[in-house]
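Below you'll find the structure, written out as structure tokens, and then a few comments.
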Amino acid sequence: MRTAREPHPKDRLLRTASRLFYAEGIHAVGVDRLVTEAAVTRATFYRHFPGKDDLVVAYLKAASEAIREVVGRVRKGKAPREALIATMSVIGDATCEDDFRGCRFLNAAAEYPDPGHPVRAVIDDHRTWFLGVLRDLAADLGHPDSDHAARVLVLLRDGALHGGELDDPAVVRETLRRAVEDVIPH
């Protein structure tokens, strides 16, 4: 019997998958390794997730929800310009984390090239949400083409999340900050 402090097996699987998928890649981590490191049986795995792709979907949905919470928190009570800068700063700050390995969604998209795959649906949903946040903030700022501004900011985000792994993260963060200020009106 589980103690009150011991995480539910489904939560252990999701936490283990999140750590391993991000650090090593989704296809590089098999079900055997997941169940071993999560300390669950294969039967428990399949009781909670009919297949590995279902766990991948849950992993990306959890990551999206966490990002949505952070973005909501940093935007709260701020004027549109400050909210937009704070939102993009979340990206720049992420590139400086010790375990940073790029964007979970871009990494997963590289492993799941079929646009009709359920994993890609989660990725598309996350990107649509983020584009919408940026579009709304640009519109609130009175940008004459808020859709274009949002798309430019998404490209900056994508570049920063790749560059943060390949280049000096502090330089990437500062470059992103300056680029955001160039895109949005003063």
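Here, A, B, ... name the chains of the structure tokens in the order displayed, residue numbers run from 1 inside each chain, and ligands are numbered from 1 in the same displayed order.
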* **Residues of segment 70-168 of chain A in helix (DSSP H, G or I), written as a PyMOL selection string** => chain A and resi 70-75+80-94+104-111+118-140+146-166
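Within the 10 Å cut-off around segment 65-72 of chain A, using only C-alpha atoms and omitting residues fewer than 2 positions from it on the same chain, the listed residues are Leu60, Lys61, Ala62, Ala63, Val74, Arg75, Lys76, Gly77, Ala83, Leu84, Ala86, Thr87, Met88, Ser89, Val90, Ile91, His126, Trp129, Phe130 and Val133 of chain A.
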* **Nearest candidate to Val119 of chain A (options A:Glu97, A:Asp182, A:Glu37, A:Asp54; using only C-alpha atoms)** => A:Asp54
Test item: residues at most 12 Å from Tyr46 of chain A, only C-alpha atoms, excluding those fewer than 3 positions along its chain, as a PDB file with all heavy atoms, in the first residue's frame:
ATOM      1  N   PRO A   9       1.634   5.792  -8.907  1.00  0.00           N
ATOM      2  CA  PRO A   9       2.438   5.231 -10.011  1.00  0.00           C
ATOM      3  C   PRO A   9       2.315   6.003 -11.323  1.00  0.00           C
ATOM      4  O   PRO A   9       3.299   6.177 -12.036  1.00  0.00           O
ATOM      5  CB  PRO A   9       1.899   3.805 -10.148  1.00  0.00           C
ATOM      6  CG  PRO A   9       1.381   3.466  -8.790  1.00  0.00           C
ATOM      7  CD  PRO A   9       0.838   4.763  -8.240  1.00  0.00           C
ATOM      8  N   LYS A  10       1.119   6.481 -11.640  1.00  0.00           N
ATOM      9  CA  LYS A  10       0.943   7.257 -12.865  1.00  0.00           C
ATOM     10  C   LYS A  10       1.781   8.535 -12.816  1.00  0.00           C
ATOM     11  O   LYS A  10       2.419   8.915 -13.797  1.00  0.00           O
ATOM     12  CB  LYS A  10      -0.533   7.593 -13.073  1.00  0.00           C
ATOM     13  CG  LYS A  10      -0.797   8.334 -14.365  1.00  0.00           C
ATOM     14  CD  LYS A  10      -2.286   8.560 -14.557  1.00  0.00           C
ATOM     15  CE  LYS A  10      -2.549   9.254 -15.875  1.00  0.00           C
ATOM     16  NZ  LYS A  10      -3.992   9.434 -16.098  1.00  0.00           N
ATOM     17  N   LEU A  13       5.431   7.624 -13.272  1.00  0.00           N
ATOM     18  CA  LEU A  13       5.703   7.367 -14.692  1.00  0.00           C
ATOM     19  C   LEU A  13       5.844   8.684 -15.465  1.00  0.00           C
ATOM     20  O   LEU A  13       6.770   8.847 -16.260  1.00  0.00           O
ATOM     21  CB  LEU A  13       4.588   6.530 -15.314  1.00  0.00           C
ATOM     22  CG  LEU A  13       4.680   5.038 -15.080  1.00  0.00           C
ATOM     23  CD1 LEU A  13       3.348   4.364 -15.390  1.00  0.00           C
ATOM     24  CD2 LEU A  13       5.801   4.441 -15.924  1.00  0.00           C
ATOM     25  N   VAL A  31      10.087   1.500 -22.957  1.00  0.00           N
ATOM     26  CA  VAL A  31       9.141   1.217 -21.876  1.00  0.00           C
ATOM     27  C   VAL A  31       9.823   0.475 -20.733  1.00  0.00           C
ATOM     28  O   VAL A  31       9.566   0.767 -19.558  1.00  0.00           O
ATOM     29  CB  VAL A  31       7.917   0.437 -22.413  1.00  0.00           C
ATOM     30  CG1 VAL A  31       7.026  -0.046 -21.270  1.00  0.00           C
ATOM     31  CG2 VAL A  31       7.117   1.305 -23.386  1.00  0.00           C
ATOM     32  N   ASP A  32      10.713  -0.456 -21.046  1.00  0.00           N
ATOM     33  CA  ASP A  32      11.400  -1.186 -19.979  1.00  0.00           C
ATOM     34  C   ASP A  32      12.146  -0.240 -19.051  1.00  0.00           C
ATOM     35  O   ASP A  32      12.102  -0.384 -17.826  1.00  0.00           O
ATOM     36  CB  ASP A  32      12.375  -2.216 -20.557  1.00  0.00           C
ATOM     37  CG  ASP A  32      11.668  -3.408 -21.177  1.00  0.00           C
ATOM     38  OD1 ASP A  32      10.498  -3.664 -20.813  1.00  0.00           O
ATOM     39  OD2 ASP A  32      12.279  -4.083 -22.028  1.00  0.00           O
ATOM     40  N   LEU A  34      11.550   2.971 -18.614  1.00  0.00           N
ATOM     41  CA  LEU A  34      10.578   3.803 -17.917  1.00  0.00           C
ATOM     42  C   LEU A  34      10.004   3.097 -16.692  1.00  0.00           C
ATOM     43  O   LEU A  34       9.943   3.676 -15.603  1.00  0.00           O
ATOM     44  CB  LEU A  34       9.445   4.208 -18.862  1.00  0.00           C
ATOM     45  CG  LEU A  34       9.807   5.234 -19.929  1.00  0.00           C
ATOM     46  CD1 LEU A  34       8.744   5.264 -21.019  1.00  0.00           C
ATOM     47  CD2 LEU A  34       9.991   6.606 -19.313  1.00  0.00           C
ATOM     48  N   VAL A  35       9.582   1.851 -16.875  1.00  0.00           N
ATOM     49  CA  VAL A  35       8.975   1.141 -15.741  1.00  0.00           C
ATOM     50  C   VAL A  35      10.011   0.846 -14.659  1.00  0.00           C
ATOM     51  O   VAL A  35       9.696   0.916 -13.469  1.00  0.00           O
ATOM     52  CB  VAL A  35       8.222  -0.134 -16.187  1.00  0.00           C
ATOM     53  CG1 VAL A  35       7.084   0.214 -17.122  1.00  0.00           C
ATOM     54  CG2 VAL A  35       9.124  -1.170 -16.783  1.00  0.00           C
ATOM     55  N   VAL A  40       7.612   0.783 -11.312  1.00  0.00           N
ATOM     56  CA  VAL A  40       6.275   0.232 -11.524  1.00  0.00           C
ATOM     57  C   VAL A  40       6.406  -0.998 -12.417  1.00  0.00           C
ATOM     58  O   VAL A  40       7.446  -1.225 -13.021  1.00  0.00           O
ATOM     59  CB  VAL A  40       5.319   1.258 -12.187  1.00  0.00           C
ATOM     60  CG1 VAL A  40       5.168   2.500 -11.314  1.00  0.00           C
ATOM     61  CG2 VAL A  40       5.771   1.631 -13.581  1.00  0.00           C
ATOM     62  N   THR A  41       5.356  -1.749 -12.501  1.00  0.00           N
ATOM     63  CA  THR A  41       5.352  -2.920 -13.378  1.00  0.00           C
ATOM     64  C   THR A  41       4.891  -2.507 -14.779  1.00  0.00           C
ATOM     65  O   THR A  41       4.281  -1.448 -14.951  1.00  0.00           O
ATOM     66  CB  THR A  41       4.416  -4.015 -12.844  1.00  0.00           C
ATOM     67  OG1 THR A  41       3.074  -3.509 -12.887  1.00  0.00           O
ATOM     68  CG2 THR A  41       4.793  -4.427 -11.423  1.00  0.00           C
ATOM     69  N   ARG A  42       5.153  -3.378 -15.743  1.00  0.00           N
ATOM     70  CA  ARG A  42       4.649  -3.128 -17.104  1.00  0.00           C
ATOM     71  C   ARG A  42       3.121  -3.074 -17.101  1.00  0.00           C
ATOM     72  O   ARG A  42       2.520  -2.258 -17.808  1.00  0.00           O
ATOM     73  CB  ARG A  42       5.140  -4.215 -18.070  1.00  0.00           C
ATOM     74  CG  ARG A  42       6.604  -4.064 -18.457  1.00  0.00           C
ATOM     75  CD  ARG A  42       7.035  -5.163 -19.424  1.00  0.00           C
ATOM     76  NE  ARG A  42       6.600  -4.931 -20.782  1.00  0.00           N
ATOM     77  CZ  ARG A  42       7.187  -4.117 -21.650  1.00  0.00           C
ATOM     78  NH1 ARG A  42       8.233  -3.414 -21.292  1.00  0.00           N
ATOM     79  NH2 ARG A  42       6.731  -3.991 -22.877  1.00  0.00           N
ATOM     80  N   ALA A  43       2.512  -3.935 -16.311  1.00  0.00           N
ATOM     81  CA  ALA A  43       1.047  -3.934 -16.228  1.00  0.00           C
ATOM     82  C   ALA A  43       0.533  -2.584 -15.718  1.00  0.00           C
ATOM     83  O   ALA A  43      -0.472  -2.061 -16.228  1.00  0.00           O
ATOM     84  CB  ALA A  43       0.561  -5.065 -15.324  1.00  0.00           C
ATOM     85  N   PHE A  49      -1.373   4.024 -19.326  1.00  0.00           N
ATOM     86  CA  PHE A  49      -1.062   4.513 -20.677  1.00  0.00           C
ATOM     87  C   PHE A  49      -1.137   3.332 -21.638  1.00  0.00           C
ATOM     88  O   PHE A  49      -0.303   2.437 -21.562  1.00  0.00           O
ATOM     89  CB  PHE A  49       0.336   5.146 -20.716  1.00  0.00           C
ATOM     90  CG  PHE A  49       0.483   6.292 -19.757  1.00  0.00           C
ATOM     91  CD1 PHE A  49       1.124   6.111 -18.542  1.00  0.00           C
ATOM     92  CD2 PHE A  49      -0.034   7.540 -20.053  1.00  0.00           C
ATOM     93  CE1 PHE A  49       1.256   7.157 -17.640  1.00  0.00           C
ATOM     94  CE2 PHE A  49       0.091   8.596 -19.162  1.00  0.00           C
ATOM     95  CZ  PHE A  49       0.739   8.403 -17.950  1.00  0.00           C
ATOM     96  N   PRO A  50      -2.113   3.297 -22.527  1.00  0.00           N
ATOM     97  CA  PRO A  50      -2.254   2.166 -23.457  1.00  0.00           C
ATOM     98  C   PRO A  50      -1.009   1.901 -24.298  1.00  0.00           C
ATOM     99  O   PRO A  50      -0.771   0.781 -24.713  1.00  0.00           O
ATOM    100  CB  PRO A  50      -3.434   2.574 -24.334  1.00  0.00           C
ATOM    101  CG  PRO A  50      -4.211   3.549 -23.508  1.00  0.00           C
ATOM    102  CD  PRO A  50      -3.199   4.270 -22.673  1.00  0.00           C
ATOM    103  N   GLY A  51      -0.200   2.926 -24.512  1.00  0.00           N
ATOM    104  CA  GLY A  51       1.037   2.775 -25.271  1.00  0.00           C
ATOM    105  C   GLY A  51       1.983   3.911 -24.930  1.00  0.00           C
ATOM    106  O   GLY A  51       1.611   4.894 -24.280  1.00  0.00           O
ATOM    107  N   LYS A  52       3.211   3.795 -25.377  1.00  0.00           N
ATOM    108  CA  LYS A  52       4.213   4.811 -25.085  1.00  0.00           C
ATOM    109  C   LYS A  52       3.805   6.173 -25.644  1.00  0.00           C
ATOM    110  O   LYS A  52       4.024   7.199 -24.996  1.00  0.00           O
ATOM    111  CB  LYS A  52       5.575   4.383 -25.638  1.00  0.00           C
ATOM    112  CG  LYS A  52       6.683   5.364 -25.317  1.00  0.00           C
ATOM    113  CD  LYS A  52       8.001   4.893 -25.870  1.00  0.00           C
ATOM    114  CE  LYS A  52       9.034   6.007 -25.795  1.00  0.00           C
ATOM    115  NZ  LYS A  52      10.262   5.630 -26.499  1.00  0.00           N
ATOM    116  N   ASP A  53       3.201   6.193 -26.828  1.00  0.00           N
ATOM    117  CA  ASP A  53       2.787   7.477 -27.403  1.00  0.00           C
ATOM    118  C   ASP A  53       1.760   8.192 -26.520  1.00  0.00           C
ATOM    119  O   ASP A  53       1.719   9.422 -26.480  1.00  0.00           O
ATOM    120  CB  ASP A  53       2.238   7.295 -28.812  1.00  0.00           C
ATOM    121  CG  ASP A  53       3.328   7.042 -29.841  1.00  0.00           C
ATOM    122  OD1 ASP A  53       4.532   7.219 -29.515  1.00  0.00           O
ATOM    123  OD2 ASP A  53       2.988   6.660 -30.976  1.00  0.00           O
ATOM    124  N   ASP A  54       0.950   7.437 -25.798  1.00  0.00           N
ATOM    125  CA  ASP A  54      -0.007   8.049 -24.870  1.00  0.00           C
ATOM    126  C   ASP A  54       0.733   8.731 -23.716  1.00  0.00           C
ATOM    127  O   ASP A  54       0.312   9.797 -23.249  1.00  0.00           O
ATOM    128  CB  ASP A  54      -0.980   6.999 -24.335  1.00  0.00           C
ATOM    129  CG  ASP A  54      -1.791   6.372 -25.454  1.00  0.00           C
ATOM    130  OD1 ASP A  54      -2.632   7.080 -26.032  1.00  0.00           O
ATOM    131  OD2 ASP A  54      -1.548   5.187 -25.757  1.00  0.00           O
ATOM    132  N   LEU A  55       1.825   8.132 -23.287  1.00  0.00           N
ATOM    133  CA  LEU A  55       2.654   8.756 -22.259  1.00  0.00           C
ATOM    134  C   LEU A  55       3.335  10.006 -22.820  1.00  0.00           C
ATOM    135  O   LEU A  55       3.436  11.026 -22.129  1.00  0.00           O
ATOM    136  CB  LEU A  55       3.701   7.761 -21.731  1.00  0.00           C
ATOM    137  CG  LEU A  55       4.689   8.289 -20.689  1.00  0.00           C
ATOM    138  CD1 LEU A  55       3.970   8.835 -19.457  1.00  0.00           C
ATOM    139  CD2 LEU A  55       5.664   7.178 -20.300  1.00  0.00           C
TER     140      LEU A  55
END
* **Closest of A:Leu176, A:Ser64, A:His143, A:Glu165 to Thr128 of chain A - atom-to-atom distances counting only C-alpha atoms** =>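 Nearest to Thr128 of chain A: A:Ser64.
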* Asked: Looking at A:Ala179, A:Ala58, A:Ala110, A:Ser18, which one is nearest to Gly159 of chain A, with distances taken over only C-alpha atoms?
  ->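 Among the listed residues, the smallest separation from Gly159 of chain A belongs to A:Ala179.
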* To do: Give the answer as one residue: which of A:His48, A:Asp145, A:Gly102, A:Glu82 has the shortest atom-to-atom distance to Tyr22 of chain A, using only C-alpha atoms?
  =>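 Smallest distance to Tyr22 of chain A is found for A:Gly102.
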* Asked: With only C-alpha atoms as the basis for distance, which of A:His27, A:Arg19, A:Arg73, A:Arg177 is at the shortest distance from Phe100 of chain A?
  -> A:Arg19
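Residue neighbourhood of Leu131 of chain A, excluding near-sequence residues (fewer than 6 positions): Ala150, Arg151 and Val154 of chain A, at 7 Å, using only C-alpha atoms.
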* Asked: Using only C-alpha atoms, which residue out of A:His117, A:Arg127, A:Arg15, A:Arg33 lies closest to Leu153 of chain A?
  ->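 Closest residue, counting only C-alpha atoms: A:Arg127.
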* Asked: Which value, in Å to one decimal, gives the distance between atom CA of Arg81 of chain A and atom CA of Leu141 of chain A?
  ->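 We find that atom CA of Arg81 of chain A and atom CA of Leu141 of chain A lie 6.4 Å from each other.
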* Identify, on the basis of only C-alpha atoms, every residue whose closest approach to Ile26 of chain A does not exceed 10 Å; exclude the query and any residue fewer than 4 positions from it along the same chain; express the result as an MDAnalysis selection string. => chainID A and resid 17:18 20:22 30 52:53 56 104 107:108 111:112
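Between atom CA of Pro144 of chain A and atom CA of Asp158 of chain A the interatomic distance comes to 23.1 Å.
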